[in-house]
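**Student:** File follows, query36.tsv with TSV, C-alpha atoms and all ligand atoms:
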```
chain	number	residue	atom	x	y	z
A	136	MET	CA	-97.97	38.26	96.67
A	137	SER	CA	-98.26	41.49	98.65
A	138	SER	CA	-101.44	43.53	98.67
A	139	ARG	CA	-99.57	46.60	97.48
A	140	PRO	CA	-100.63	47.69	93.98
A	141	PRO	CA	-98.03	46.88	91.31
A	142	LEU	CA	-95.09	49.27	91.19
A	143	ARG	CA	-95.48	51.50	88.15
A	144	LEU	CA	-92.39	51.44	85.94
A	145	GLY	CA	-91.33	53.85	83.22
A	146	VAL	CA	-88.81	52.02	81.03
A	147	LEU	CA	-86.54	54.23	78.95
A	148	ILE	CA	-84.85	52.76	75.89
A	149	SER	CA	-82.75	53.83	72.93
A	150	GLY	CA	-82.29	50.59	71.01
A	151	ARG	CA	-83.07	46.92	70.77
A	152	GLY	CA	-85.08	46.73	73.99
A	153	SER	CA	-84.17	43.24	75.15
A	154	ASN	CA	-83.87	44.35	78.78
A	155	MET	CA	-87.22	46.12	78.54
A	156	GLN	CA	-88.68	42.87	77.22
A	157	ALA	CA	-87.18	40.91	80.10
A	158	VAL	CA	-88.71	43.36	82.58
A	159	ALA	CA	-92.10	43.27	80.86
A	160	ARG	CA	-92.04	39.48	80.87
A	161	ALA	CA	-91.22	39.32	84.57
A	162	CYS	CA	-94.17	41.62	85.25
A	163	ARG	CA	-96.52	39.63	83.03
A	164	GLU	CA	-95.52	36.35	84.63
A	165	ASN	CA	-96.05	37.84	88.10
A	166	ARG	CA	-92.44	37.21	89.05
A	167	VAL	CA	-92.35	40.81	90.23
A	168	ASN	CA	-95.15	42.93	91.63
A	169	ALA	CA	-94.72	45.66	89.04
A	170	GLU	CA	-96.11	46.80	85.72
A	171	VAL	CA	-94.68	48.68	82.78
A	172	ALA	CA	-96.74	51.87	82.79
A	173	VAL	CA	-94.93	53.25	79.75
A	174	VAL	CA	-91.96	52.60	77.49
A	175	LEU	CA	-90.31	55.81	76.32
A	176	ALA	CA	-87.78	55.83	73.50
A	177	ASP	CA	-85.53	58.77	72.75
A	178	ARG	CA	-85.56	57.97	69.01
A	179	GLU	CA	-88.09	56.62	66.53
A	180	THR	CA	-85.62	54.02	65.27
A	181	ALA	CA	-85.41	52.17	68.59
A	182	GLY	CA	-86.10	48.53	67.74
A	183	GLY	CA	-87.62	48.03	71.18
A	184	LEU	CA	-90.63	50.16	70.24
A	185	ALA	CA	-92.02	47.39	68.02
A	186	ILE	CA	-91.48	44.84	70.78
A	187	ALA	CA	-93.29	47.06	73.28
A	188	GLN	CA	-96.21	47.47	70.89
A	189	GLN	CA	-96.39	43.73	70.29
A	190	LEU	CA	-96.55	43.27	74.05
A	191	GLY	CA	-99.43	45.72	74.18
A	192	LEU	CA	-97.49	48.24	76.27
A	193	ASN	CA	-97.83	52.00	76.06
A	194	ALA	CA	-94.89	52.92	73.86
A	195	GLU	CA	-94.08	56.54	73.12
A	196	VAL	CA	-91.27	58.42	71.42
A	197	VAL	CA	-89.72	61.53	72.89
A	198	ALA	CA	-87.23	62.21	70.13
A	199	TRP	CA	-84.34	64.06	71.73
A	200	LYS	CA	-83.31	65.43	68.33
A	201	SER	CA	-86.49	67.45	68.05
A	202	PHE	CA	-85.80	69.48	71.18
A	203	ALA	CA	-83.73	72.64	71.37
A	204	ASP	CA	-81.73	71.46	74.37
A	205	ARG	CA	-81.57	68.83	77.08
A	206	ALA	CA	-83.72	70.84	79.47
A	207	ALA	CA	-86.59	70.93	76.96
A	208	PHE	CA	-86.19	67.21	76.21
A	209	GLU	CA	-86.26	66.36	79.90
A	210	ARG	CA	-89.30	68.56	80.52
A	211	GLU	CA	-91.20	66.46	78.00
A	212	LEU	CA	-89.82	63.23	79.40
A	213	THR	CA	-90.90	64.25	82.90
A	214	ALA	CA	-94.36	65.21	81.66
A	215	ARG	CA	-94.82	61.76	80.11
A	216	LEU	CA	-93.55	60.00	83.23
A	217	GLU	CA	-95.95	61.99	85.38
A	218	ALA	CA	-98.85	61.42	83.00
A	219	HIS	CA	-98.33	57.67	83.43
A	220	ARG	CA	-97.84	58.02	87.21
A	221	VAL	CA	-94.45	56.35	87.04
A	222	GLU	CA	-92.92	55.47	90.40
A	223	ILE	CA	-89.61	53.96	89.29
A	224	ILE	CA	-87.66	54.85	86.15
A	225	VAL	CA	-85.73	51.97	84.59
A	226	LEU	CA	-82.97	52.92	82.17
A	227	ALA	CA	-82.74	49.87	79.91
A	228	GLY	CA	-80.18	50.67	77.25
A	229	PHE	CA	-81.05	54.38	77.39
A	230	MET	CA	-78.14	56.16	75.81
A	231	ARG	CA	-78.72	59.68	77.07
A	232	ILE	CA	-77.20	61.07	80.22
A	233	LEU	CA	-79.74	62.46	82.64
A	234	SER	CA	-79.05	65.97	83.85
A	235	PRO	CA	-78.05	66.37	87.51
A	236	GLU	CA	-81.36	68.21	88.00
A	237	LEU	CA	-83.45	65.27	86.75
A	238	ALA	CA	-81.32	62.75	88.63
A	239	SER	CA	-81.78	64.73	91.84
A	240	ARG	CA	-85.49	65.16	91.30
A	241	TYR	CA	-85.90	61.39	91.00
A	242	GLU	CA	-83.21	60.48	93.53
A	243	GLY	CA	-83.61	56.88	94.63
A	244	ARG	CA	-86.21	56.24	91.95
A	245	VAL	CA	-84.01	55.67	88.88
A	246	ILE	CA	-82.08	52.49	88.18
A	247	ASN	CA	-79.79	51.66	85.26
A	248	ILE	CA	-78.34	48.49	83.81
A	249	HIS	CA	-74.73	48.73	82.68
A	250	PRO	CA	-72.75	45.98	80.94
A	251	ALA	CA	-69.69	45.94	83.21
A	252	LEU	CA	-68.63	45.39	86.78
A	253	LEU	CA	-68.85	49.00	87.92
A	254	PRO	CA	-66.85	50.97	88.91
A	255	LEU	CA	-64.83	49.27	86.19
A	256	TYR	CA	-65.57	50.23	82.58
A	257	ARG	CA	-67.98	53.10	82.72
A	258	GLY	CA	-69.12	54.34	79.32
A	259	LEU	CA	-69.22	52.44	76.04
A	260	ASN	CA	-67.60	49.38	74.40
A	261	THR	CA	-67.21	47.59	77.70
A	262	HIS	CA	-66.84	44.09	76.26
A	263	SER	CA	-63.99	44.92	73.89
A	264	ARG	CA	-62.22	46.88	76.62
A	265	VAL	CA	-62.47	43.93	79.01
A	266	LEU	CA	-61.04	41.58	76.37
A	267	ALA	CA	-58.25	44.01	75.47
A	268	ALA	CA	-57.29	44.28	79.13
A	269	GLY	CA	-57.22	40.50	79.52
A	270	ASP	CA	-59.51	40.60	82.55
A	271	ALA	CA	-60.48	37.31	84.17
A	272	HIS	CA	-64.01	38.48	85.04
A	273	HIS	CA	-66.72	40.53	83.47
A	274	GLY	CA	-70.40	41.08	84.10
A	275	ALA	CA	-73.18	43.60	84.47
A	276	SER	CA	-74.37	45.99	87.17
A	277	VAL	CA	-77.71	47.39	88.22
A	278	HIS	CA	-77.22	50.67	90.01
A	279	PHE	CA	-79.13	53.68	91.26
A	280	VAL	CA	-78.64	56.69	89.04
A	281	THR	CA	-77.22	59.79	90.63
A	282	ALA	CA	-75.90	62.99	89.10
A	283	GLU	CA	-72.58	61.22	88.40
A	284	LEU	CA	-72.41	59.26	85.12
A	285	ASP	CA	-72.57	55.48	85.75
A	286	GLY	CA	-71.58	56.45	89.28
A	287	GLY	CA	-74.54	55.81	91.59
A	288	PRO	CA	-74.49	53.04	94.19
A	289	VAL	CA	-74.38	49.57	92.68
A	290	ILE	CA	-77.12	47.22	93.88
A	291	LEU	CA	-76.60	43.89	92.13
A	292	GLN	CA	-73.93	42.52	89.82
A	293	SER	CA	-73.69	39.43	87.67
A	294	ARG	CA	-70.15	38.12	87.40
A	295	LEU	CA	-68.79	35.64	84.90
A	296	ASP	CA	-65.39	34.24	84.02
A	297	VAL	CA	-64.06	35.41	80.68
A	298	ARG	CA	-63.34	32.27	78.65
A	299	PRO	CA	-59.98	31.83	76.95
A	300	GLY	CA	-60.17	32.97	73.32
A	301	GLU	CA	-63.74	34.22	73.76
A	302	THR	CA	-64.98	36.62	71.09
A	303	GLU	CA	-66.56	39.96	71.90
A	304	HIS	CA	-69.80	38.71	70.38
A	305	ASP	CA	-69.97	35.64	72.62
A	306	LEU	CA	-68.97	37.54	75.74
A	307	ALA	CA	-71.58	40.24	75.04
A	308	ALA	CA	-74.26	37.58	74.59
A	309	ARG	CA	-73.40	35.87	77.87
A	310	VAL	CA	-73.39	39.17	79.75
A	311	LEU	CA	-76.70	40.21	78.18
A	312	ALA	CA	-78.35	36.96	79.28
A	313	THR	CA	-77.40	37.80	82.87
A	314	GLU	CA	-78.68	41.37	82.49
A	315	HIS	CA	-82.09	39.91	81.73
A	316	MET	CA	-82.02	38.17	85.10
A	317	ILE	CA	-80.55	40.81	87.40
A	318	LEU	CA	-82.62	43.78	86.22
A	319	PRO	CA	-85.99	42.15	87.01
A	320	ARG	CA	-84.55	40.86	90.28
A	321	VAL	CA	-83.77	44.39	91.49
A	322	ILE	CA	-87.21	45.58	90.39
A	323	GLY	CA	-88.68	42.77	92.47
A	324	TRP	CA	-86.72	43.93	95.52
A	325	LEU	CA	-88.03	47.48	95.02
A	326	ALA	CA	-91.58	46.25	94.56
A	327	GLU	CA	-91.42	44.20	97.75
A	328	GLY	CA	-89.99	47.13	99.71
A	329	ARG	CA	-86.84	45.12	100.44
A	330	LEU	CA	-84.75	47.71	98.62
A	331	ILE	CA	-85.30	51.33	99.58
A	332	TRP	CA	-83.50	54.64	99.28
A	333	ARG	CA	-83.11	56.50	102.56
A	334	ASP	CA	-80.76	59.26	103.77
A	335	GLY	CA	-79.10	59.42	100.36
A	336	ARG	CA	-78.22	55.75	100.08
A	337	PRO	CA	-79.66	52.32	99.35
A	338	TRP	CA	-80.85	49.92	102.05
A	339	LEU	CA	-81.52	46.24	101.46
A	340	ASP	CA	-83.44	44.16	103.98
A	341	GLY	CA	-83.15	46.82	106.67
A	342	ARG	CA	-79.38	47.39	106.36
A	343	PRO	CA	-77.38	49.97	104.40
A	344	LEU	CA	-76.12	48.35	101.22
A	345	GLU	CA	-72.38	49.00	101.59
A	346	THR	CA	-71.24	46.77	98.74
A	347	PRO	CA	-73.20	45.33	95.82
A	348	VAL	CA	-74.75	41.90	95.95
A	349	VAL	CA	-72.74	39.76	93.52
A	350	GLU	CA	-74.17	36.75	91.76
A	351	ASP	CA	-71.79	34.37	89.99
A	352	PHE	CA	-72.76	32.83	86.67
A	353	HIS	CA	-70.86	30.09	84.90
B	1	LIG	C1	-77.47	46.57	77.33
B	1	LIG	O1	-76.36	45.72	77.24
B	1	LIG	C2	-77.26	47.57	78.44
B	1	LIG	O2	-76.57	47.06	79.54
B	1	LIG	C3	-76.46	48.63	77.74
B	1	LIG	O3	-77.06	48.73	76.48
B	1	LIG	C4	-77.58	47.46	76.09
B	1	LIG	C5	-79.01	47.65	75.69
B	1	LIG	O4	-79.54	46.46	75.16
B	1	LIG	N1	-76.47	49.88	78.46
B	1	LIG	C6	-75.45	50.70	78.51
B	1	LIG	O5	-74.41	50.51	77.92
B	1	LIG	C7	-75.67	51.93	79.38
B	1	LIG	N2	-74.42	52.56	79.71
B	1	LIG	P1	-81.10	46.26	75.05
B	1	LIG	O6	-81.65	47.49	74.30
B	1	LIG	O7	-81.27	45.01	74.25
B	1	LIG	O8	-81.67	46.17	76.44
```
Could you write out this file's structure as structure tokens?
Ligand code: GAR
**Tutor:**
Amino acid sequence: MSSRPPLRLGVLISGRGSNMQAVARACRENRVNAEVAVVLADRETAGGLAIAQQLGLNAEVVAWKSFADRAAFERELTARLEAHRVEIIVLAGFMRILSPELASRYEGRVINIHPALLPLYRGLNTHSRVLAAGDAHHGASVHFVTAELDGGPVILQSRLDVRPGETEHDLAARVLATEHMILPRVIGWLAEGRLIWRDGRPWLDGRPLETPVVEDFH
């Protein structure tokens, strides 16, 4: 393992927190040279808060509802991230859109996991939309967050075949299992310095990342 101190992650959640758990586990098991400095939830009801506490992580609520506007909410969020000296922000099922100002301030230091093969199926209900369209493939994407919603450069995708007659529930479960693998993988690349942000775009292993790395799952 490198001599660099572990990369300090701020993991932002809104719900169940299974991706946060996968990241925390990868850190604990030294599969990535990173540590979860803080878990921030935008609502008290986020199930992931209990998981974070069980794991002994710093878990804090910044309840968006209690702020007058997004700017005030983000000021508090930023204060917490700075207090924990967060280097990389991981959006792990965080259901708030970051303002262009915050995205620019942290350019190249925010990643998001999205349950679709971006640029296909931005937004919500991706699994049912994929099934309704009769697509042959589906998957998940880890991407850098820019001011554009679900629009920043994609780094790594998991791709799976949609099975004939597959239910939304089963498809969602298979995609989620791959999310738990690709999100820690990208964090590992960042921690090793293999993945960097330079001149407004991502570079992997010394080359501009023109197209996402795609990993097939069966
Ligand atoms: C995950 O499937 C994640 O990809 C998705 O929310 C779920 C959160 O699950 N994110 C988005 O849809 C963002 N646009 P988790 O709380 O168990 O990690």
**Student:** Would you list the residues that come within 6 Å of ligand LIG 1 (chain B)? Count all atoms listed in the file and give the answer as a compact mmCIF listing (two decimals) with C-alpha atoms, keeping the file's coordinate frame.
**Tutor:**
```txt
# COMPACT_ATOMS: atom_id res chain seq x y z
CA GLY A 150 -82.29 50.59 71.01
CA ARG A 151 -83.07 46.92 70.77
CA GLY A 152 -85.08 46.73 73.99
CA SER A 153 -84.17 43.24 75.15
CA ASN A 154 -83.87 44.35 78.78
CA MET A 155 -87.22 46.12 78.54
CA ALA A 227 -82.74 49.87 79.91
CA GLY A 228 -80.18 50.67 77.25
CA ILE A 248 -78.34 48.49 83.81
CA HIS A 249 -74.73 48.73 82.68
CA PRO A 250 -72.75 45.98 80.94
CA GLY A 258 -69.12 54.34 79.32
CA LEU A 259 -69.22 52.44 76.04
CA LEU A 311 -76.70 40.21 78.18
```
**Student:** Using all atoms listed in the file, tabulate the residues of segment 308-345 of chain A lying at most 12 Å from any atom of segment 212-226 of chain A, each with its closest atom pair and that distance in Å to one decimal, by chain and increasing residue number, as a Markdown table.
**Tutor:**
```
| residue | atom | partner | partner_atom | distance |
| --- | --- | --- | --- | --- |
| A:Leu318 | CA | A:Val225 | CA | 8.9 |
| A:Pro319 | CA | A:Val225 | CA | 10.1 |
| A:Val321 | CA | A:Val225 | CA | 10.4 |
| A:Ile322 | CA | A:Val225 | CA | 8.8 |
| A:Gly323 | CA | A:Ile223 | CA | 11.7 |
| A:Leu325 | CA | A:Ile223 | CA | 8.8 |
| A:Ala326 | CA | A:Ile223 | CA | 9.5 |
| A:Ile331 | CA | A:Ile223 | CA | 11.5 |
| A:Trp332 | CA | A:Ile223 | CA | 11.7 |
```
**Student:** Skipping near chain neighbours, those fewer than 3 positions away, what residues fall within 7 Å of His278 of chain A using all atoms listed in the file, listed as a list of chain:residue names?
**Tutor:** A:Ile246, A:Asn247, A:Ile248, A:Gly287, A:Pro288, A:Val289, A:Ile290
**Student:** Given the choices A:Leu252, A:Ala187, A:Ala282, A:Ala198, which gets closest to Arg294 of chain A if the distance is worked out from only C-alpha atoms?
**Tutor:** A:Leu252
**Student:** Return the single residue from A:Ser276, A:Ser234, A:Thr261, A:Ser138 that is closest to His304 of chain A, with distances computed using only C-alpha atoms.
**Tutor:**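 Comparing A:Ser276, A:Ser234, A:Thr261, A:Ser138 against His304 of chain A, the winner is A:Thr261.
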**Student:** Which distance in Å separates atom CA of Ile148 of chain A and atom CA of Ala172 of chain A, to one decimal?
**Tutor:**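 Separation between atom CA of Ile148 of chain A and atom CA of Ala172 of chain A: 13.8 Å.
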**Student:** Go through A:Gly286, A:Gly341, A:Gly335, A:Gly274 one by one, measure the shortest atom-to-atom distance of each to Gly243 of chain A using all atoms listed in the file, and give the residue with the smallest value.
**Tutor:**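 Among the listed residues, the smallest separation from Gly243 of chain A belongs to A:Gly335.
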